>>> print(open('protein-v8.txt').read())   # compact mmCIF, C-alpha atoms
# COMPACT_ATOMS: atom_id res chain seq x y z
CA MET C 1 -59.27 -19.15 0.36
CA GLN C 2 -57.89 -16.09 2.19
CA GLY C 3 -60.66 -16.32 4.78
CA LYS C 4 -59.98 -19.99 5.30
CA TYR C 5 -56.37 -19.26 6.23
CA SER C 6 -57.16 -16.38 8.58
CA LEU C 7 -55.35 -16.36 11.93
CA LYS C 8 -58.38 -17.60 13.88
CA ASN C 9 -58.48 -20.77 11.74
CA ILE C 10 -54.78 -21.61 11.98
CA ASP C 11 -53.42 -24.37 14.22
CA ILE C 12 -50.43 -22.51 15.63
CA VAL C 13 -48.55 -25.64 16.78
CA ASN C 14 -48.74 -27.30 13.37
CA PHE C 15 -47.94 -24.04 11.59
CA LEU C 16 -44.83 -23.35 13.68
CA PHE C 17 -43.57 -26.93 13.49
CA LEU C 18 -43.92 -27.22 9.71
CA THR C 19 -42.46 -23.78 8.99
CA LEU C 20 -39.64 -23.81 11.55
CA THR C 21 -38.26 -27.34 11.04
CA PRO C 22 -36.85 -26.53 7.55
CA VAL C 23 -35.23 -23.36 8.93
CA LEU C 24 -33.77 -25.19 11.92
CA ALA C 25 -32.60 -28.04 9.67
CA ILE C 26 -30.60 -25.59 7.53
CA ILE C 27 -29.17 -23.74 10.54
CA GLY C 28 -28.35 -26.98 12.37
CA THR C 29 -26.64 -28.48 9.33
CA TYR C 30 -24.59 -25.31 8.82
CA TYR C 31 -23.30 -25.32 12.41
CA TRP C 32 -22.67 -29.08 12.31
CA VAL C 33 -20.39 -28.67 9.31
CA LYS C 34 -18.78 -25.56 10.81
CA ILE C 35 -18.15 -27.05 14.25
CA ASP C 36 -17.62 -30.78 13.65
CA GLY C 37 -16.74 -30.81 9.95
CA PHE C 38 -18.66 -32.62 7.23
CA HIS C 39 -18.54 -36.41 7.16
CA MET C 40 -20.88 -39.05 5.78
CA GLY C 41 -21.91 -40.62 9.11
CA PRO C 42 -24.84 -38.29 9.92
CA VAL C 43 -25.86 -38.25 6.24
CA ILE C 44 -26.10 -42.04 6.15
CA LEU C 45 -27.95 -41.93 9.48
CA GLY C 46 -30.45 -39.50 7.97
CA ILE C 47 -30.95 -41.72 4.92
CA VAL C 48 -31.49 -44.81 7.08
CA PHE C 49 -34.05 -43.01 9.27
CA TYR C 50 -35.67 -41.59 6.11
CA PHE C 51 -36.30 -45.12 4.88
CA LEU C 52 -37.38 -46.45 8.28
CA THR C 53 -39.87 -43.65 8.91
CA GLY C 54 -41.03 -43.21 5.31
CA MET C 55 -41.72 -46.92 4.83
CA SER C 56 -43.48 -47.04 8.19
CA ILE C 57 -45.86 -44.44 6.78
CA THR C 58 -46.42 -46.11 3.39
CA ALA C 59 -46.40 -49.79 4.45
CA GLY C 60 -47.77 -49.16 7.93
CA TYR C 61 -49.95 -46.09 8.32
CA HIS C 62 -51.20 -46.26 4.72
CA ARG C 63 -51.48 -49.80 3.37
CA LEU C 64 -51.76 -51.76 6.63
CA PHE C 65 -53.79 -49.53 8.93
CA ALA C 66 -55.74 -47.15 6.67
CA HIS C 67 -56.62 -49.66 3.94
CA ARG C 68 -56.27 -53.05 5.67
CA ALA C 69 -54.55 -54.30 2.51
CA TYR C 70 -52.84 -57.04 4.53
CA ASP C 71 -52.32 -58.26 8.08
CA ALA C 72 -49.05 -58.13 9.99
CA HIS C 73 -47.40 -59.74 13.00
CA PRO C 74 -47.61 -57.58 16.17
CA VAL C 75 -43.83 -57.04 16.03
CA ILE C 76 -44.18 -55.43 12.59
CA LYS C 77 -47.14 -53.36 13.76
CA ILE C 78 -45.18 -52.05 16.73
CA PHE C 79 -42.25 -51.18 14.44
CA TYR C 80 -44.58 -49.22 12.14
CA LEU C 81 -46.16 -47.45 15.11
CA LEU C 82 -42.80 -46.43 16.57
CA PHE C 83 -41.07 -45.27 13.40
CA GLY C 84 -44.27 -43.96 11.83
CA ALA C 85 -44.64 -41.65 14.81
CA ALA C 86 -41.06 -40.49 14.20
CA ALA C 87 -42.22 -39.00 10.87
CA PHE C 88 -44.18 -36.43 12.92
CA GLU C 89 -47.31 -36.88 10.80
CA ASN C 90 -49.60 -37.59 13.76
CA SER C 91 -50.83 -40.88 15.18
CA VAL C 92 -52.25 -43.75 13.13
CA LEU C 93 -55.69 -42.97 14.56
CA LYS C 94 -55.61 -39.41 13.20
CA TRP C 95 -53.62 -40.03 10.02
CA SER C 96 -55.65 -43.00 8.84
CA SER C 97 -59.05 -41.51 9.64
CA ASP C 98 -58.08 -38.44 7.56
CA HIS C 99 -56.93 -40.66 4.73
CA ARG C 100 -60.10 -42.74 4.69
CA LEU C 101 -62.15 -39.56 4.52
CA HIS C 102 -59.98 -38.40 1.62
CA HIS C 103 -60.78 -41.57 -0.32
CA HIS C 104 -64.47 -41.45 0.56
CA LYS C 105 -64.89 -37.78 -0.40
CA VAL C 106 -62.02 -37.26 -2.86
CA ASP C 107 -62.11 -33.97 -4.78
CA THR C 108 -65.10 -32.65 -2.83
CA GLU C 109 -65.38 -29.95 -0.16
CA GLU C 110 -65.31 -32.68 2.49
CA ASP C 111 -61.97 -34.02 1.26
CA PRO C 112 -59.49 -32.74 3.90
CA TYR C 113 -56.70 -32.30 1.35
CA SER C 114 -58.61 -31.81 -1.88
CA ILE C 115 -56.48 -30.77 -4.84
CA GLN C 116 -59.51 -28.80 -6.05
CA GLU C 117 -58.62 -26.19 -3.42
CA GLY C 118 -55.17 -25.70 -4.89
CA PHE C 119 -51.70 -27.22 -4.70
CA PHE C 120 -50.73 -25.42 -1.49
CA HIS C 121 -53.83 -26.60 0.34
CA ALA C 122 -53.43 -30.23 -0.76
CA HIS C 123 -49.71 -30.28 -0.03
CA ILE C 124 -49.40 -28.61 3.36
CA GLY C 125 -52.03 -25.91 3.89
CA TRP C 126 -54.71 -28.30 5.11
CA VAL C 127 -52.50 -29.26 8.08
CA PHE C 128 -52.46 -25.62 9.19
CA LEU C 129 -56.24 -25.54 9.68
CA LYS C 130 -57.75 -26.14 13.12
CA LYS C 131 -60.78 -27.95 11.71
CA ASN C 132 -58.53 -30.64 10.26
CA GLY C 133 -57.13 -31.38 13.71
CA GLU C 134 -60.26 -33.32 14.60
CA ILE C 135 -60.37 -37.12 14.36
CA LYS C 136 -62.90 -38.37 11.84
CA GLU C 137 -64.76 -40.77 14.15
CA LYS C 138 -66.78 -42.36 11.35
CA PHE C 139 -63.53 -43.60 9.84
CA ALA C 140 -61.78 -44.49 13.10
CA LYS C 141 -64.17 -46.98 14.72
CA ASP C 142 -62.03 -50.08 14.15
CA PHE C 143 -58.95 -48.33 15.52
CA ARG C 144 -60.71 -47.71 18.82
CA HIS C 145 -60.66 -51.48 19.40
CA ASP C 146 -56.96 -51.89 18.55
CA PRO C 147 -54.89 -51.62 21.77
CA LEU C 148 -51.63 -51.02 19.91
CA VAL C 149 -53.08 -48.15 17.88
CA MET C 150 -54.64 -46.58 20.95
CA TRP C 151 -51.39 -46.96 22.90
CA GLN C 152 -49.53 -45.11 20.14
CA HIS C 153 -52.20 -42.40 20.02
CA LYS C 154 -52.01 -41.87 23.78
CA TYR C 155 -48.21 -41.60 23.85
CA TYR C 156 -47.73 -40.22 20.32
CA LEU C 157 -45.75 -37.11 21.29
CA LEU C 158 -43.41 -39.03 23.60
CA ILE C 159 -42.81 -41.73 20.97
CA SER C 160 -42.25 -39.28 18.14
CA VAL C 161 -39.74 -37.16 20.07
CA THR C 162 -37.91 -40.22 21.46
CA ILE C 163 -37.62 -42.16 18.19
CA GLY C 164 -37.58 -39.21 15.80
CA MET C 165 -35.26 -36.80 17.61
CA ILE C 166 -33.53 -38.25 20.67
CA LEU C 167 -32.55 -41.60 19.13
CA PRO C 168 -30.76 -40.22 16.01
CA THR C 169 -29.10 -37.56 18.15
CA LEU C 170 -27.69 -40.21 20.51
CA ILE C 171 -26.60 -42.43 17.64
CA GLY C 172 -24.90 -39.43 16.04
CA GLY C 173 -23.09 -38.56 19.26
CA PHE C 174 -22.05 -41.96 20.58
CA PHE C 175 -21.37 -43.80 17.31
CA LEU C 176 -20.73 -41.14 14.65
CA GLY C 177 -18.86 -38.51 16.60
CA SER C 178 -21.38 -35.68 16.44
CA PHE C 179 -24.50 -35.12 18.53
CA LEU C 180 -25.21 -32.01 16.47
CA GLY C 181 -24.89 -33.92 13.18
CA GLY C 182 -27.21 -36.63 14.47
CA PHE C 183 -29.80 -34.06 15.48
CA ALA C 184 -29.51 -31.74 12.47
CA VAL C 185 -29.31 -34.34 9.69
CA GLY C 186 -30.55 -37.58 11.25
CA SER C 187 -33.55 -35.82 12.79
CA LEU C 188 -34.46 -32.40 11.37
CA VAL C 189 -33.41 -32.76 7.73
CA ARG C 190 -34.85 -36.25 7.65
CA ILE C 191 -38.18 -35.07 9.11
CA VAL C 192 -38.51 -32.36 6.46
CA PHE C 193 -37.76 -34.76 3.59
CA THR C 194 -40.03 -37.49 4.94
CA GLN C 195 -42.95 -35.14 5.48
CA HIS C 196 -42.78 -33.45 2.09
CA CYS C 197 -42.43 -36.75 0.25
CA THR C 198 -45.62 -37.85 2.01
CA PHE C 199 -47.27 -34.53 1.17
CA PHE C 200 -46.36 -35.05 -2.50
CA ILE C 201 -48.80 -37.97 -2.55
CA ASN C 202 -51.62 -35.56 -1.68
CA SER C 203 -50.50 -32.81 -4.06
CA LEU C 204 -48.30 -33.81 -7.00
CA CYS C 205 -49.86 -37.27 -7.29
CA HIS C 206 -53.16 -35.50 -7.99
CA CYS C 207 -51.55 -33.21 -10.60
CA LEU C 208 -48.90 -35.07 -12.59
CA GLY C 209 -49.22 -38.28 -14.54
CA SER C 210 -51.77 -40.42 -16.36
CA THR C 211 -55.17 -41.95 -15.62
CA PRO C 212 -54.98 -45.52 -17.00
CA TYR C 213 -57.60 -47.01 -14.66
CA THR C 214 -60.19 -44.34 -13.91
CA ASP C 215 -61.01 -40.70 -14.58
CA SER C 216 -63.56 -40.54 -11.76
CA ASN C 217 -61.09 -38.61 -9.56
CA SER C 218 -57.93 -36.52 -9.84
CA ALA C 219 -55.41 -39.19 -8.78
CA LYS C 220 -52.61 -39.82 -11.31
CA ASP C 221 -50.08 -42.56 -12.03
CA SER C 222 -46.49 -41.29 -12.26
CA TRP C 223 -43.32 -43.38 -12.12
CA ILE C 224 -41.37 -40.23 -11.26
CA MET C 225 -43.54 -39.66 -8.20
CA ALA C 226 -43.15 -43.33 -7.29
CA LEU C 227 -39.40 -42.71 -6.93
CA LEU C 228 -40.06 -39.97 -4.38
CA THR C 229 -42.80 -41.73 -2.41
CA PHE C 230 -41.66 -45.34 -1.91
CA GLY C 231 -43.95 -46.54 -4.71
CA GLU C 232 -47.02 -44.47 -3.87
CA GLY C 233 -46.81 -42.62 -7.19
CA TYR C 234 -49.06 -45.16 -8.92
CA HIS C 235 -51.90 -43.22 -7.38
CA ASN C 236 -54.56 -43.64 -10.05
CA PHE C 237 -54.38 -47.40 -9.55
CA HIS C 238 -54.49 -46.97 -5.79
CA HIS C 239 -57.58 -44.78 -5.79
CA TYR C 240 -59.47 -47.27 -7.94
CA PHE C 241 -58.19 -50.44 -6.21
CA GLN C 242 -57.46 -49.03 -2.77
CA THR C 243 -57.37 -52.31 -0.80
CA ASP C 244 -54.59 -53.77 -2.99
CA TYR C 245 -51.32 -54.14 -1.05
CA ARG C 246 -49.52 -53.06 -4.25
CA ASN C 247 -49.50 -49.69 -5.95
CA GLY C 248 -47.11 -50.61 -8.76
CA ILE C 249 -48.50 -53.88 -10.12
CA ARG C 250 -45.91 -54.68 -12.80
CA TRP C 251 -42.61 -56.32 -11.85
CA PHE C 252 -40.67 -53.29 -13.12
CA HIS C 253 -42.77 -50.72 -11.25
CA PHE C 254 -40.73 -49.04 -8.52
CA ASP C 255 -42.70 -49.92 -5.39
CA PRO C 256 -40.35 -50.70 -2.47
CA THR C 257 -43.34 -50.68 -0.12
CA LYS C 258 -44.81 -53.61 -2.07
CA TRP C 259 -41.44 -55.38 -2.02
CA LEU C 260 -41.16 -54.93 1.76
CA ILE C 261 -44.66 -56.32 2.38
CA LYS C 262 -44.00 -59.30 0.09
CA THR C 263 -40.60 -60.01 1.63
CA LEU C 264 -42.10 -59.99 5.12
CA ASN C 265 -44.77 -62.36 3.81
CA TRP C 266 -42.11 -64.85 2.72
CA VAL C 267 -40.78 -65.00 6.30
CA GLY C 268 -44.26 -65.20 7.85
CA LEU C 269 -44.47 -61.68 9.28
CA THR C 270 -47.25 -60.46 6.98
CA HIS C 271 -50.23 -62.42 5.69
CA LYS C 272 -53.61 -62.16 3.95
CA LEU C 273 -52.16 -59.89 1.26
CA LYS C 274 -54.99 -58.49 -0.84
CA SER C 275 -54.51 -58.07 -4.57
CA THR C 276 -56.97 -57.09 -7.28
CA PRO C 277 -57.92 -59.84 -9.77
CA THR C 278 -56.13 -59.32 -13.07
CA ASP C 279 -59.35 -59.37 -15.06
CA LYS C 280 -60.67 -56.37 -13.10
CA ILE C 281 -57.46 -54.45 -13.74
CA LEU C 282 -57.57 -55.38 -17.41
CA ALA C 283 -61.24 -54.38 -17.69
CA ALA C 284 -60.51 -50.98 -16.11
CA LYS C 285 -57.61 -50.29 -18.48
CA MET C 286 -59.65 -51.37 -21.51
CA HIS C 287 -62.56 -49.21 -20.44
CA MET C 288 -60.36 -46.14 -20.06
CA LYS C 289 -58.70 -46.72 -23.43
CA SER C 290 -62.12 -47.04 -25.07
CA LYS C 291 -63.22 -43.75 -23.47
CA GLU C 292 -60.06 -42.06 -24.71
CA ILE C 293 -60.66 -43.20 -28.30
CA LYS C 294 -64.34 -42.29 -28.20
CA SER C 295 -63.59 -38.79 -26.92
CA LYS C 296 -61.14 -38.21 -29.78
CA ALA C 297 -63.24 -39.71 -32.56
CA GLY C 298 -66.70 -38.63 -31.40
CA GLU C 299 -69.94 -40.09 -32.74
CA SER C 300 -68.30 -41.08 -36.03
CA ALA C 301 -66.55 -43.92 -34.19
CA GLU C 302 -69.77 -45.74 -33.25
CA LYS C 303 -69.20 -48.77 -35.49
CA PHE C 304 -65.55 -48.96 -34.51
CA MET C 305 -66.42 -48.77 -30.81
CA GLN C 306 -68.95 -51.59 -31.20
CA GLU C 307 -66.27 -53.84 -32.67
CA LEU C 308 -63.82 -52.79 -29.99
CA GLU C 309 -66.34 -53.58 -27.23
CA LYS C 310 -66.97 -57.02 -28.75
CA LEU C 311 -63.26 -57.78 -28.66
CA LYS C 312 -63.00 -56.46 -25.11
CA ALA C 313 -65.85 -58.71 -23.93
CA GLN C 314 -64.35 -61.68 -25.76
CA ALA C 315 -60.91 -61.09 -24.22
CA LEU C 316 -62.31 -60.78 -20.69
CA GLU C 317 -64.53 -63.86 -21.11
CA THR C 318 -61.56 -65.87 -22.41
CA TYR C 319 -59.39 -64.67 -19.54
CA GLN C 320 -62.02 -65.81 -17.03
CA ARG C 321 -62.17 -69.25 -18.67
CA LEU C 322 -58.38 -69.43 -18.46
CA GLN C 323 -58.43 -68.65 -14.73
CA ASP C 324 -61.18 -71.22 -14.12
CA LEU C 325 -59.15 -73.88 -15.93
CA LYS C 326 -56.06 -73.04 -13.87
CA THR C 327 -58.06 -73.28 -10.67
CA GLU C 328 -59.54 -76.61 -11.74
CA TYR C 329 -56.08 -77.92 -12.63
CA LYS C 330 -54.63 -77.00 -9.23
CA ARG C 331 -57.58 -78.59 -7.46
CA SER C 332 -57.48 -81.81 -9.51
CA LYS C 333 -53.81 -82.47 -10.28
CA LYS C 334 -53.33 -84.73 -7.25
CA HIS C 335 -56.25 -86.91 -8.25
CA LEU C 336 -56.27 -87.05 -12.07
CA ALA C 337 -54.42 -89.62 -14.16
CA PRO C 338 -51.36 -88.37 -16.11
CA MET C 339 -53.28 -88.53 -19.39
CA SER C 340 -56.09 -86.38 -18.01
CA LEU C 341 -53.59 -83.87 -16.66
CA GLN C 342 -51.97 -83.61 -20.09
CA GLU C 343 -55.35 -82.98 -21.65
CA MET C 344 -56.11 -80.26 -19.10
CA LYS C 345 -52.70 -78.63 -19.71
CA ALA C 346 -53.44 -78.64 -23.42
CA ARG C 347 -56.79 -76.91 -22.79
CA ILE C 348 -55.06 -74.31 -20.64
CA SER C 349 -52.46 -73.67 -23.35
CA ALA C 350 -55.12 -73.37 -26.04
CA THR C 351 -57.21 -70.99 -23.94
CA ARG C 352 -54.14 -68.88 -23.12
CA ALA C 353 -53.35 -68.67 -26.84
CA GLU C 354 -56.95 -67.65 -27.52
CA PHE C 355 -56.76 -64.93 -24.88
CA ASP C 356 -53.42 -63.65 -26.19
CA ALA C 357 -54.86 -63.48 -29.71
CA CYS C 358 -57.94 -61.54 -28.51
CA LEU C 359 -55.82 -59.11 -26.54
CA GLN C 360 -53.36 -58.58 -29.39
CA GLN C 361 -56.23 -57.92 -31.80
CA TRP C 362 -57.77 -55.44 -29.37
CA GLU C 363 -54.42 -53.69 -28.87
CA PHE C 364 -53.90 -53.55 -32.65
CA MET C 365 -57.30 -51.90 -33.11
CA VAL C 366 -56.56 -49.37 -30.36
CA LYS C 367 -53.20 -48.41 -31.87
CA ASN C 368 -54.58 -48.17 -35.39
CA TYR C 369 -58.12 -46.97 -34.73
CA SER C 370 -57.95 -44.05 -37.21
CA PHE C 371 -57.08 -46.35 -40.09
CA ILE C 372 -59.39 -49.21 -39.12
CA GLN C 373 -62.32 -46.85 -38.52
CA GLY C 374 -62.18 -45.86 -42.17
CA LEU C 375 -62.49 -49.48 -43.25
CA ILE C 376 -65.53 -50.35 -41.12
>>> encode(input="protein-v8.txt", output="structure tokens")
Amino acid sequence: MQGKYSLKNIDIVNFLFLTLTPVLAIIGTYYWVKIDGFHMGPVILGIVFYFLTGMSITAGYHRLFAHRAYDAHPVIKIFYLLFGAAAFENSVLKWSSDHRLHHHKVDTEEDPYSIQEGFFHAHIGWVFLKKNGEIKEKFAKDFRHDPLVMWQHKYYLLISVTIGMILPTLIGGFFLGSFLGGFAVGSLVRIVFTQHCTFFINSLCHCLGSTPYTDSNSAKDSWIMALLTFGEGYHNFHHYFQTDYRNGIRWFHFDPTKWLIKTLNWVGLTHKLKSTPTDKILAAKMHMKSKEIKSKAGESAEKFMQELEKLKAQALETYQRLQDLKTEYKRSKKHLAPMSLQEMKARISATRAEFDACLQQWEFMVKNYSFIQGLI
């Protein structure tokens, strides 16, 4: 590790920017308060730019460009490209090619920000390395044919400085009474917070939380991390179902990125939203729970596991029948007689009840496996 971070391997520009911006943010904020006096204007400006730039990374750089989880109107794409650049996390071309490599080679030596090389490396250290400054061409081919992405890449530095530094400074000066406050808080402090919240996805989201969907990699689900990362904290789900436009799939999951994408869909600015079929999600969760029980109980749980697997298969088969009936109902409801529709509704209700019963029985066995195992 020490050899990796030797001076000859360090990208001096990245190193200086990432180490000096927090220092300058503190100094700038101190002199803003000392010279102009503290007031909430620049703070609110910083919060607004934090949301604009942070969501442009999560909804834009990440879910739209890197994973193609949905399509967006050119106006939305341009917005993401402008304010995403203002996060000073590189262009979409570079950022997304790195991220695709991360997913393809997660937890290996080829993973650019592998948590296996330590928290520091995954969080920020990897950005310091010259070798990680290269664009991963294998994962950037489609971007080369996107004129908007290539335009942003060509003018990335100009866009990032204009939107990320000059614009909040001017807003602070002309509308909030302090150029220094606009620059220190609206720009520098905001940049530091935005960057480290993004970096948390690479570091803490691979350390803290649970693995309800897969244990094939280090990604974790954590509602606490979701609060800090605009919903990206449901990282175990994301690594297993990476083309889903959602990270938090339940209605109560904090995922403002998902809410933004869905809201834009309602007004016609996003479309072709990809979501994972519920049966696949259910199967993944059931599989992981079965593995957890088997690891605790060992070989003595063989009979119990056989019964549990039967219930799992029955629940998934019933769920599939339920979905097929719903699809058939939607396709036929304009053509069938009222009596036939009632009969189909009754079949749907009966199948739903059958599925609920299977799932409840499976959940009961999981919660009480120690007791039930002794009875089998």
>>> residues_near_point(input="protein-v8.txt", point="(-61.8, -40.7, 16.7)", cutoff="12 Å", atoms="all atoms listed in the file", output="number ranges by chain")
C: 91-98, 133-145, 149-150, 153
>>> residues_around(input="protein-v8.txt", residues="His73 in chain C", least_positions_apart="3", cutoff="12 Å", atoms="all atoms listed in the file", output="ChimeraX atom specification")
/C:60,64,70,76-80,148,261,264-265,267-272
>>> closest_atom_pairs(input="protein-v8.txt", of="range 245-308 of chain C", to="range 238-241 of chain C", cutoff="9 Å", atoms="all atoms listed in the file", output="CSV")
residue,atom,partner,partner_atom,distance
C:Arg246,CA,C:His238,CA,8.0
C:Asn247,CA,C:His238,CA,5.7
C:Gly248,CA,C:His238,CA,8.7
C:Ser275,CA,C:Phe241,CA,8.6
C:Thr276,CA,C:Phe241,CA,6.8
C:Ile281,CA,C:Phe241,CA,8.6
>>> residues_near_point(input="protein-v8.txt", point="(-33.4, -43.9, 9.2)", cutoff="10 Å", atoms="all atoms listed in the file", output="list of chain:residue names")
C:Val43, C:Ile44, C:Leu45, C:Gly46, C:Ile47, C:Val48, C:Phe49, C:Tyr50, C:Phe51, C:Leu52, C:Thr53, C:Gly54, C:Met55, C:Phe83, C:Ala86, C:Gly164, C:Pro168, C:Gly186, C:Ser187, C:Arg190
>>> atom_distance(input="protein-v8.txt", atom1="CA of Lys285 in chain C", atom2="CA of His206 in chain C")
18.7 Å
>>> closest_residue(input="protein-v8.txt", among="C:Leu260, C:Leu273, C:Ala66, C:Ile124", to="Phe200 in chain C", atoms="all atoms listed in the file")
C:Ile124
>>> closest_residue(input="protein-v8.txt", among="C:Glu343, C:Asp107, C:Asp71, C:Glu317", to="Tyr329 in chain C", atoms="all atoms listed in the file")
C:Glu343
>>> residues_around(input="protein-v8.txt", residues="range 6-14 of chain C", least_positions_apart="3", cutoff="10 Å", atoms="only C-alpha atoms", output="list in words")
Met1, Gln2, Gly3, Phe17, Leu18, Thr19, Leu20, Gly125, Trp126, Val127, Phe128, Leu129, Lys130, Lys131, Asn132 and Gly133 of chain C
>>> atom_distance(input="protein-v8.txt", atom1="CA of Ser218 in chain C", atom2="CA of Lys312 in chain C")
25.6 Å
>>> closest_residue(input="protein-v8.txt", among="C:Pro147, C:Ala283, C:Ala357, C:Leu188", to="Pro74 in chain C", atoms="all atoms listed in the file")
C:Pro147
>>> residues_around(input="protein-v8.txt", residues="His102 in chain C", least_positions_apart="2", cutoff="8 Å", atoms="only C-alpha atoms", output="list in words")
Asp98, His99, Arg100, His104, Lys105, Val106, Glu110, Asp111, Pro112, Tyr113 and Ser114 of chain C
>>> closest_residue(input="protein-v8.txt", among="C:Val75, C:Ala85, C:Val189, C:Met288", to="Tyr61 in chain C", atoms="all atoms listed in the file")
C:Ala85
